[in-house]
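Source file target_17.cif; content: mmCIF, C-alpha atoms.
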```
data_structure
#
loop_
_atom_site.label_atom_id
_atom_site.label_comp_id
_atom_site.auth_asym_id
_atom_site.auth_seq_id
_atom_site.Cartn_x
_atom_site.Cartn_y
_atom_site.Cartn_z
CA GLU A 1 47.09 14.01 29.53
CA ALA A 2 44.33 11.37 29.66
CA ILE A 3 43.19 9.14 32.53
CA TYR A 4 41.24 5.93 31.88
CA ASP A 5 38.86 4.76 34.64
CA THR A 6 38.56 1.05 33.91
CA GLU A 7 35.71 0.48 36.39
CA LYS A 8 33.43 3.16 34.95
CA ASP A 9 34.73 2.95 31.37
CA LEU A 10 35.38 6.72 31.37
CA VAL A 11 38.30 8.62 29.87
CA TYR A 12 39.22 11.92 31.53
CA SER A 13 41.24 14.59 29.74
CA THR A 14 42.31 17.57 31.81
CA THR A 15 44.15 19.45 29.06
CA PHE A 16 43.20 21.08 25.76
CA THR A 17 41.74 18.40 23.46
CA THR A 18 40.93 18.36 19.75
CA VAL A 19 38.32 15.92 18.47
CA TYR A 20 37.90 15.09 14.74
CA ARG A 21 34.49 13.69 13.94
CA ASP A 22 32.88 13.33 10.50
CA ASN A 23 35.09 16.12 9.11
CA ASP A 24 34.00 18.41 11.96
CA ILE A 25 36.76 19.93 14.12
CA ILE A 26 36.00 20.28 17.84
CA ASN A 27 38.26 21.95 20.41
CA LEU A 28 37.54 21.20 24.09
CA ASP A 29 38.99 22.48 27.33
CA GLY A 30 39.20 19.01 28.86
CA MET A 31 36.53 16.31 28.55
CA ILE A 32 34.92 13.20 29.97
CA TYR A 33 34.43 10.44 27.38
CA ASP A 34 31.96 7.63 28.16
CA ILE A 35 33.13 4.59 26.24
CA LYS A 36 29.85 2.70 26.74
CA THR A 37 27.54 5.40 25.37
CA GLY A 38 30.06 7.21 23.18
CA SER A 39 29.08 10.57 24.69
CA ILE A 40 31.45 13.42 25.60
CA THR A 41 30.90 16.03 28.31
CA SER A 42 33.07 19.11 28.30
CA LYS A 43 33.56 22.77 29.16
CA ASN A 44 34.40 25.59 26.71
CA PHE A 45 33.33 24.01 23.44
CA ASP A 46 34.90 25.43 20.26
CA GLY A 47 33.63 23.86 17.02
CA PHE A 48 33.31 24.51 13.31
CA PHE A 49 30.32 23.22 11.34
CA GLU A 50 30.90 24.58 7.85
CA PRO A 51 30.37 27.50 7.47
CA TYR A 52 29.47 28.27 11.12
CA TYR A 53 31.70 28.73 14.17
CA CYS A 54 30.22 27.70 17.54
CA TYR A 55 31.48 28.66 20.99
CA SER A 56 29.77 27.45 24.20
CA LYS A 57 30.52 27.17 27.92
CA ASP A 58 29.15 23.62 28.34
CA CYS A 59 28.41 20.80 25.94
CA VAL A 60 27.25 17.20 25.76
CA ILE A 61 28.15 15.31 22.58
CA THR A 62 26.36 12.10 21.66
CA ASN A 63 26.40 9.91 18.55
CA THR A 64 23.57 11.89 16.96
CA GLU A 65 23.73 15.45 18.28
CA TYR A 66 25.61 18.19 20.10
CA LEU A 67 23.84 19.84 23.06
CA LEU A 68 25.44 23.25 23.64
CA LEU A 69 24.65 25.65 26.50
CA ASP A 70 25.33 29.40 26.51
CA THR A 71 26.41 29.40 22.87
CA LYS A 72 27.48 31.89 20.21
CA ILE A 73 27.08 31.01 16.51
CA THR A 74 28.56 33.12 13.70
CA HIS A 75 30.18 33.21 10.26
CA CYS A 76 32.88 35.53 11.63
CA ASP A 77 36.17 33.72 12.27
CA ASN A 78 37.41 36.23 14.89
CA ARG A 79 37.71 34.89 18.41
CA LYS A 80 35.53 37.84 19.46
CA PRO A 81 33.07 37.85 16.53
CA HIS A 82 31.62 41.13 15.27
CA TYR A 83 28.16 39.55 14.99
CA TYR A 84 26.60 36.35 16.25
CA PHE A 85 23.47 34.51 17.37
CA ALA A 86 23.46 33.82 21.12
CA GLY A 87 21.32 31.07 22.62
CA LYS A 88 20.99 29.50 26.07
CA LYS A 89 20.32 26.15 24.39
CA VAL A 90 21.56 25.03 21.00
CA VAL A 91 21.26 21.57 19.43
CA VAL A 92 23.49 20.69 16.48
CA TYR A 93 22.62 17.75 14.23
CA PRO A 94 25.80 17.19 12.17
CA LYS A 95 25.39 17.60 8.40
CA ASP A 96 21.70 18.42 8.96
CA LYS A 97 20.83 21.54 10.95
CA ILE A 98 21.44 23.78 13.96
CA GLU A 99 18.49 24.54 16.24
CA ILE A 100 18.73 27.68 18.41
CA TYR A 101 16.21 28.24 21.20
CA ASN A 102 15.43 31.86 22.15
CA PRO A 103 18.19 33.23 19.92
CA ARG A 104 19.35 36.83 20.19
CA MET A 105 21.16 38.40 17.26
CA THR A 106 23.96 40.74 18.34
CA ILE A 107 26.00 43.14 16.18
CA TRP A 108 28.98 44.92 17.74
CA SER A 109 27.75 43.85 21.20
CA VAL A 110 24.35 45.46 20.57
CA PRO A 111 21.27 43.13 20.54
CA VAL A 112 19.20 43.87 17.43
CA LEU A 113 16.79 40.90 17.06
CA TRP A 114 15.16 38.25 19.23
CA LEU A 115 13.26 35.13 18.10
CA PRO A 116 11.70 32.28 20.06
CA TYR A 117 13.31 29.71 17.74
CA TYR A 118 15.58 29.66 14.74
CA ALA A 119 16.94 26.77 12.65
CA ILE A 120 19.97 26.87 10.35
CA SER A 121 20.46 24.23 7.68
CA LEU A 122 23.89 22.59 7.39
CA LYS A 123 23.02 20.80 4.18
CA ARG A 124 24.94 21.94 1.14
CA ARG A 125 22.63 24.03 -1.02
CA ARG A 126 23.40 25.37 -4.46
CA ASP A 127 20.20 27.36 -4.88
CA CYS A 128 19.47 30.84 -3.56
CA MET A 129 16.84 33.57 -3.65
CA ILE A 130 17.41 37.27 -4.27
CA ILE A 131 14.74 39.83 -3.34
CA GLU A 132 15.10 43.44 -4.52
CA PRO A 133 12.45 45.73 -3.00
CA GLY A 134 11.85 49.26 -4.24
CA HIS A 135 9.39 52.02 -5.05
CA ASP A 136 8.72 54.38 -7.93
CA SER A 137 5.82 56.48 -9.19
CA TYR A 138 5.02 54.12 -12.09
CA ASN A 139 4.88 50.77 -10.26
CA GLY A 140 4.38 51.86 -6.66
CA VAL A 141 5.88 49.52 -4.11
CA PHE A 142 7.46 46.50 -5.80
CA ALA A 143 9.61 43.47 -5.09
CA LYS A 144 11.68 41.71 -7.76
CA ILE A 145 12.27 38.11 -6.73
CA ARG A 146 14.78 35.85 -8.43
CA TYR A 147 15.19 32.18 -7.50
CA ILE A 148 18.46 30.76 -8.83
CA TYR A 149 18.87 27.01 -9.10
CA PRO A 150 22.05 25.51 -10.61
CA LEU A 151 21.19 22.29 -12.43
CA THR A 152 24.91 21.56 -12.90
CA ASP A 153 28.12 23.54 -12.70
CA THR A 154 27.49 24.82 -16.24
CA ARG A 155 23.66 25.08 -16.36
CA VAL A 156 21.65 27.51 -14.22
CA VAL A 157 17.92 28.26 -14.10
CA HIS A 158 16.54 31.62 -12.89
CA ILE A 159 12.84 31.80 -11.99
CA LEU A 160 11.59 35.40 -11.94
CA LEU A 161 8.63 36.74 -9.98
CA ASP A 162 8.01 40.51 -9.89
CA LEU A 163 5.28 41.95 -7.66
CA TYR A 164 4.12 45.49 -8.53
CA GLN A 165 1.60 47.51 -6.52
CA TYR A 166 0.07 49.22 -9.56
CA GLN A 167 0.98 46.93 -12.46
CA GLY A 168 0.31 43.44 -11.15
CA VAL A 169 2.55 40.39 -11.34
CA GLY A 170 5.34 39.65 -13.82
CA THR A 171 6.75 36.15 -14.29
CA GLY A 172 9.78 34.95 -16.20
CA LEU A 173 12.27 32.16 -16.79
CA GLU A 174 15.95 32.34 -17.66
CA TYR A 175 18.18 29.42 -18.56
CA ARG A 176 21.95 29.85 -18.95
CA TYR A 177 24.35 27.20 -20.17
CA SER A 178 28.06 27.10 -20.88
CA SER A 179 30.82 24.64 -21.54
CA VAL A 180 34.16 24.46 -23.28
CA GLY A 181 33.42 25.82 -26.73
CA TYR A 182 29.85 27.10 -26.32
CA SER A 183 27.56 29.20 -24.14
CA GLY A 184 24.07 30.65 -24.37
CA ILE A 185 20.94 32.00 -22.74
CA PHE A 186 17.21 31.45 -23.12
CA TYR A 187 14.92 34.07 -21.57
CA ALA A 188 11.15 34.61 -21.49
CA TYR A 189 9.08 37.15 -19.53
CA TYR A 190 5.36 37.92 -19.31
CA ILE A 191 3.36 40.58 -17.49
CA LYS A 192 -0.29 41.65 -17.67
CA GLN A 193 -0.37 45.20 -16.42
CA GLN A 194 -3.44 46.08 -14.41
CA GLN A 195 -3.27 49.87 -14.55
CA ASP A 196 -2.42 50.10 -18.27
CA ASN A 197 -4.53 47.05 -19.15
CA ARG A 198 -1.78 45.77 -21.45
CA VAL A 199 -0.06 42.47 -21.96
CA ARG A 200 3.70 42.61 -22.47
CA TRP A 201 6.10 39.78 -23.14
CA ASN A 202 9.64 39.14 -24.28
CA PHE A 203 11.51 36.18 -25.73
CA LEU A 204 15.27 35.89 -26.24
CA PHE A 205 17.66 33.18 -27.38
CA ASN A 206 21.39 33.78 -27.74
CA ASP A 207 24.06 31.16 -28.48
CA THR A 208 27.82 31.26 -29.11
CA HIS A 209 29.76 28.26 -30.43
CA GLN A 210 33.54 28.05 -30.76
CA LEU A 211 34.29 26.44 -34.12
CA ASN A 212 38.07 26.30 -33.68
CA SER A 213 40.85 28.30 -32.07
CA LEU A 214 40.09 31.37 -34.22
CA TRP A 215 36.49 31.08 -35.45
CA TYR A 216 33.22 31.11 -33.53
CA MET A 217 29.54 31.42 -34.49
CA GLN A 218 26.92 33.59 -32.77
CA THR A 219 23.16 33.16 -33.09
CA ASN A 220 20.53 35.56 -31.75
CA PHE A 221 16.73 35.52 -31.78
CA GLU A 222 14.58 38.06 -29.93
CA PHE A 223 11.07 39.46 -29.83
CA LEU A 224 9.58 42.18 -27.64
CA SER A 225 5.95 43.19 -27.50
CA ASP A 226 7.09 46.83 -27.11
CA HIS A 227 10.19 48.77 -26.13
CA GLU A 228 8.93 49.50 -22.60
CA MET A 229 9.55 45.83 -21.80
CA TYR A 230 13.16 46.85 -21.23
CA TYR A 231 12.10 48.66 -18.10
CA TYR A 232 11.70 45.28 -16.51
CA TYR A 233 14.91 43.54 -17.50
CA TYR A 234 18.41 44.65 -18.50
CA LYS A 235 17.13 47.64 -20.45
CA GLU A 236 20.56 49.29 -20.53
CA ASN A 237 22.26 46.32 -22.23
CA TRP A 238 19.95 45.46 -25.09
CA PHE A 239 18.98 47.13 -28.34
CA LEU A 240 15.56 48.76 -28.24
CA LEU A 241 12.98 47.05 -30.42
CA LYS A 242 9.27 47.65 -30.85
CA ASP A 243 6.96 45.06 -32.30
CA GLU A 244 9.93 43.61 -34.14
CA LEU A 245 11.33 40.16 -34.50
CA SER A 246 15.12 40.36 -34.47
CA SER A 247 17.32 37.46 -35.53
CA SER A 248 20.93 37.11 -36.60
CA ILE A 249 23.75 34.69 -37.21
CA SER A 250 27.40 35.73 -37.26
CA PHE A 251 30.73 34.13 -38.00
CA VAL A 252 33.68 35.72 -36.25
CA ARG A 253 37.41 35.20 -36.56
CA ASN A 254 39.40 36.70 -33.71
CA SER A 255 43.16 36.69 -33.24
CA ASP A 256 45.69 38.74 -31.33
CA ARG A 257 46.00 41.22 -34.20
CA THR A 258 42.74 41.15 -36.15
CA ASN A 259 39.00 40.66 -35.85
CA PHE A 260 36.81 39.67 -38.81
CA ARG A 261 33.02 39.33 -38.64
CA THR A 262 30.39 38.56 -41.25
CA SER A 263 26.72 38.39 -40.31
CA TYR A 264 23.18 38.03 -41.48
CA LEU A 265 20.88 40.39 -39.55
CA ARG A 266 17.14 40.37 -40.05
CA LYS A 267 14.31 42.56 -38.73
CA ASP A 268 10.67 41.57 -39.20
CA GLU A 269 7.78 43.80 -38.14
CA TYR A 270 4.37 42.57 -37.01
CA LEU A 271 1.46 44.20 -38.87
CA PRO A 272 -1.84 43.84 -36.98
CA LEU A 273 -3.95 44.42 -40.13
CA LEU A 274 -2.27 41.50 -41.91
CA GLU A 275 -1.86 39.52 -38.67
CA LYS A 276 1.61 38.39 -39.71
CA PHE A 277 5.26 39.40 -39.69
CA VAL A 278 6.59 41.31 -42.72
CA ASN A 279 10.28 41.80 -43.44
CA LYS A 280 11.41 45.31 -42.62
CA TYR A 281 14.97 44.83 -43.84
CA TYR A 282 17.91 42.49 -43.69
CA GLN A 283 21.63 43.22 -43.69
CA ILE A 284 24.80 41.34 -44.53
CA PRO A 285 27.50 43.42 -42.84
CA ILE A 286 31.22 42.66 -43.04
CA ASN A 287 33.56 44.14 -40.45
CA PHE A 288 37.33 44.01 -40.16
CA ILE A 289 39.49 45.45 -37.39
CA TYR A 290 43.25 45.57 -37.20
CA TYR A 291 44.11 46.04 -33.55
CA PRO A 292 46.62 48.79 -32.68
CA VAL A 293 50.18 47.88 -33.55
CA SER A 294 53.14 49.78 -32.15
CA ILE A 295 56.22 50.78 -34.11
CA GLY A 296 58.43 52.30 -31.50
CA LYS A 297 56.31 55.10 -29.99
CA LEU A 298 53.94 55.15 -32.98
CA SER A 299 50.61 53.29 -32.67
CA VAL A 300 48.44 52.53 -35.73
CA SER A 301 44.99 50.92 -35.94
CA GLU A 302 42.67 50.22 -38.88
CA SER A 303 39.01 49.22 -39.21
CA PHE A 304 36.76 48.65 -42.21
CA SER A 305 33.07 47.81 -42.55
CA ILE A 306 30.60 47.46 -45.40
CA THR A 307 26.87 47.01 -44.78
CA PRO A 308 24.45 46.19 -47.61
CA THR A 309 20.78 46.56 -46.60
CA PHE A 310 17.91 44.93 -48.50
CA ALA A 311 14.16 44.46 -48.10
CA GLU A 312 12.22 41.43 -49.30
CA GLY A 313 9.87 42.21 -52.20
CA SER A 314 11.67 45.47 -53.04
CA ASN A 315 14.34 46.41 -55.59
CA ASN A 316 15.69 49.17 -53.38
CA TYR A 317 18.83 48.61 -51.46
CA GLU A 318 21.31 50.66 -49.45
CA ILE A 319 25.07 50.22 -49.15
CA SER A 320 27.28 51.98 -46.66
CA ALA A 321 31.01 51.50 -46.17
CA THR A 322 33.37 53.01 -43.64
CA ASN A 323 37.14 52.93 -43.44
CA SER A 324 38.87 54.31 -40.36
CA VAL A 325 42.59 54.82 -39.72
CA ALA A 326 43.92 56.11 -36.40
CA THR A 327 47.49 56.89 -35.37
CA SER A 328 49.06 58.20 -32.19
CA TYR A 329 52.60 59.04 -31.09
CA SER A 330 53.78 59.40 -27.52
CA PHE A 331 56.69 61.61 -26.45
CA LYS A 332 57.73 64.06 -23.73
CA PHE A 333 57.92 67.85 -24.05
CA LEU A 334 59.37 69.73 -21.09
CA ILE A 335 57.25 68.65 -18.11
CA PHE A 336 54.42 67.27 -20.25
CA ALA A 337 53.77 63.89 -21.83
CA LEU A 338 52.15 64.35 -25.24
CA THR A 339 50.21 61.77 -27.23
CA PRO A 340 48.97 63.45 -30.42
CA SER A 341 46.52 61.26 -32.34
CA MET A 342 44.92 61.53 -35.76
CA SER A 343 41.97 59.69 -37.31
CA PHE A 344 40.67 59.53 -40.87
CA ASN A 345 37.25 58.11 -41.76
CA THR A 346 35.98 57.59 -45.29
CA ASN A 347 32.25 56.85 -45.64
CA ILE A 348 30.66 55.68 -48.88
CA VAL A 349 26.84 55.51 -49.12
CA LYS A 350 24.32 54.45 -51.74
CA PRO A 351 20.93 55.20 -50.14
CA ASP A 352 18.81 53.48 -52.82
CA ILE A 353 18.85 51.97 -56.30
CA ASN A 354 18.12 55.29 -58.03
CA THR A 355 20.82 57.34 -56.30
CA ASP A 356 24.49 57.31 -57.16
CA PHE A 357 27.17 56.59 -54.63
CA TYR A 358 28.42 59.54 -52.62
CA TYR A 359 31.09 59.74 -49.98
CA TYR A 360 32.30 62.02 -47.22
CA ASN A 361 35.39 62.16 -45.04
CA ILE A 362 35.78 62.88 -41.34
CA TYR A 363 39.14 64.04 -40.00
CA GLY A 364 40.05 64.12 -36.33
CA PHE A 365 43.06 65.40 -34.42
CA SER A 366 43.74 65.64 -30.70
CA LEU A 367 46.73 66.75 -28.63
CA PRO A 368 46.30 65.73 -24.98
CA LEU A 369 48.85 67.04 -22.47
CA ARG A 370 49.64 65.18 -19.27
CA HIS A 371 51.80 66.31 -16.36
CA ARG A 372 52.60 63.82 -13.63
CA ILE A 373 53.07 65.58 -10.27
CA LYS A 374 55.42 63.62 -8.06
CA ASN A 375 53.79 62.06 -4.98
CA PHE A 376 50.50 63.80 -5.79
CA GLY A 377 48.75 62.81 -8.98
CA ILE A 378 48.25 63.56 -12.66
CA LEU A 379 47.16 66.79 -14.32
CA ASP A 380 45.54 66.47 -17.78
#
```
Represent the supplied structure as structure tokens.
Amino acid sequence: EAIYDTEKDLVYSTTFTTVYRDNDIINLDGMIYDIKTGSITSKNFDGFFEPYYCYSKDCVITNTEYLLLDTKITHCDNRKPHYYFAGKKVVVYPKDKIEIYNPRMTIWSVPVLWLPYYAISLKRRRDCMIIEPGHDSYNGVFAKIRYIYPLTDTRVVHILLDLYQYQGVGTGLEYRYSSVGYSGIFYAYYIKQQQDNRVRWNFLFNDTHQLNSLWYMQTNFEFLSDHEMYYYYYKENWFLLKDELSSSISFVRNSDRTNFRTSYLRKDEYLPLLEKFVNKYYQIPINFIYYPVSIGKLSVSESFSITPTFAEGSNNYEISATNSVATSYSFKFLIFALTPSMSFNTNIVKPDINTDFYYYNIYGFSLPLRHRIKNFGILD
């Protein structure tokens, strides 16, 4: 129900009212709307300013701001939020910011933090900062800081800043890109360690391009000053290198049944006496995998690889080849489910030009037993 006072140009609403303004949703327990000034005065304000919910006992809404008294602000969408900022006075500037005066942070009805002033931005931001503090005996107290800034939906920049009590400051840059048909990463990191008096750095470039529905090409280029660089970044995911320049290019064909890969892998080692990189070896491996195929309860898989290894300026070479066949068959025996499996590996090696080929076989057999206990679990 609304009453219009024509003399004062005021509209009175004595019932629950919803106001839609600039994509903001405002629920009011009655209101007084001044047509001349465009302001609204109300009790029991309930509003949503993405991503924040605001609840207040009194409010005054003008064309430029919301003045809220006795207010709670939270991300929690429960009517009785689990956590919130409470402020006697709160000013909301739509699409800009929320200013809270004398805010008190409360978690489960327990006050945990008080500030004289706190501002919350309402502007859409795509960037963020991650800080990972820690301590160990080698670095002392440290903080790993990563600032992430998306340039577009498919291109992201990471700026790295690592502060170490004993080892100084490490800085780095990471650039990731992706789109339909290609993706890649560029990474560089540098640190001058104070305690060890050493300079360490790392450079990485990795790119994958989809050539068609079955084929894609992978390119990799990496250099580390020494293997301990991995302590600082993704050490568990990368191959360990030491004073080596690693590069490769691969062509891969992948389908539902098979995977075929041929590559050129190269390792160059830096020799301080010569002050240049010298080829350590290069390989041209070929790999083929036939994914497991089922014939009834019988499963069969096959893989084959051959890896020639050469070194520039040398007549020596090494060739290794491996063929692997694995089968398994699933059936039930009494209360057990059995899946016996068998594997057969043939390895052929020519370690150098002066040695004949030799081969060896590896046989494997396993008979796992499984008993499923009703309404309880599985016993292996």
Quiz prompt | Ser179 of chain A environment, 9 Å, only C-alpha atoms, sequence neighbours closer than 4 positions dropped, as a ChimeraX atom specification | solution = /A:154-155,183
Practice problem: I would like the residues chosen by the PyMOL selection byres ((chain A and resi 65-73) around 6) on the shown file; could you give them as a list in words? | Solution: Tyr53, Cys54, Tyr55, Ser56, Lys57, Asp58, Cys59, Val60, Ile61, Thr62, Thr64, Thr74, Tyr84, Phe85, Ala86, Gly87, Lys88, Lys89, Val90, Val91, Val92 and Tyr93 of chain A
Practice problem: Report as a count of residues only the full result of the PyMOL selection byres ((chain A and resi 367-371) around 9) when it is applied to this structure. | Solution: 15
Quiz item: Around (38.0, 54.8, -44.6) in the file's frame, which residues reach within 7 Å when counting all atoms listed in the file? Return as an MDAnalysis selection string?
Solution: chainID A and resid 304 322:325 344:347
Quiz prompt | the PyMOL selection byres ((chain A and resi 170) around 12) resolved against shown file, as a PyMOL selection string | solution = chain A and resi 139+142-146+159-169+171-173+188-194+199-202+229+232-233
Quiz prompt | Shell of 12 Å around Gly296 of chain A, all atoms listed in the file, local chain residues under 3 positions omitted, as a list of chain:residue names | solution = A:Val293, A:Ser299, A:Val300, A:Ser328, A:Tyr329, A:Ser330, A:Phe331
Quiz item: For Val252 of chain A, which of A:Leu273, A:Ile286, A:Thr309, A:Asn27 is the closest residue, counting all atoms listed in the file?
Solution: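 Nearest to Val252 of chain A: A:Ile286.
Across the model, the gap from atom CA of Ser303 of chain A to atom CA of Tyr363 of chain A is 14.8 Å.
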Quiz item: Just how far from atom CA of Arg21 of chain A is atom CA of Asp96 of chain A, in Å to one decimal?
Solution: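 A separation of 14.5 Å between them.
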Exercise. Please measure the separation of atom CA of Arg126 of chain A and atom CA of Ile107 of chain A, giving the value in Å to one decimal.
Key: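 We find that atom CA of Arg126 of chain A and atom CA of Ile107 of chain A lie 27.4 Å from each other.
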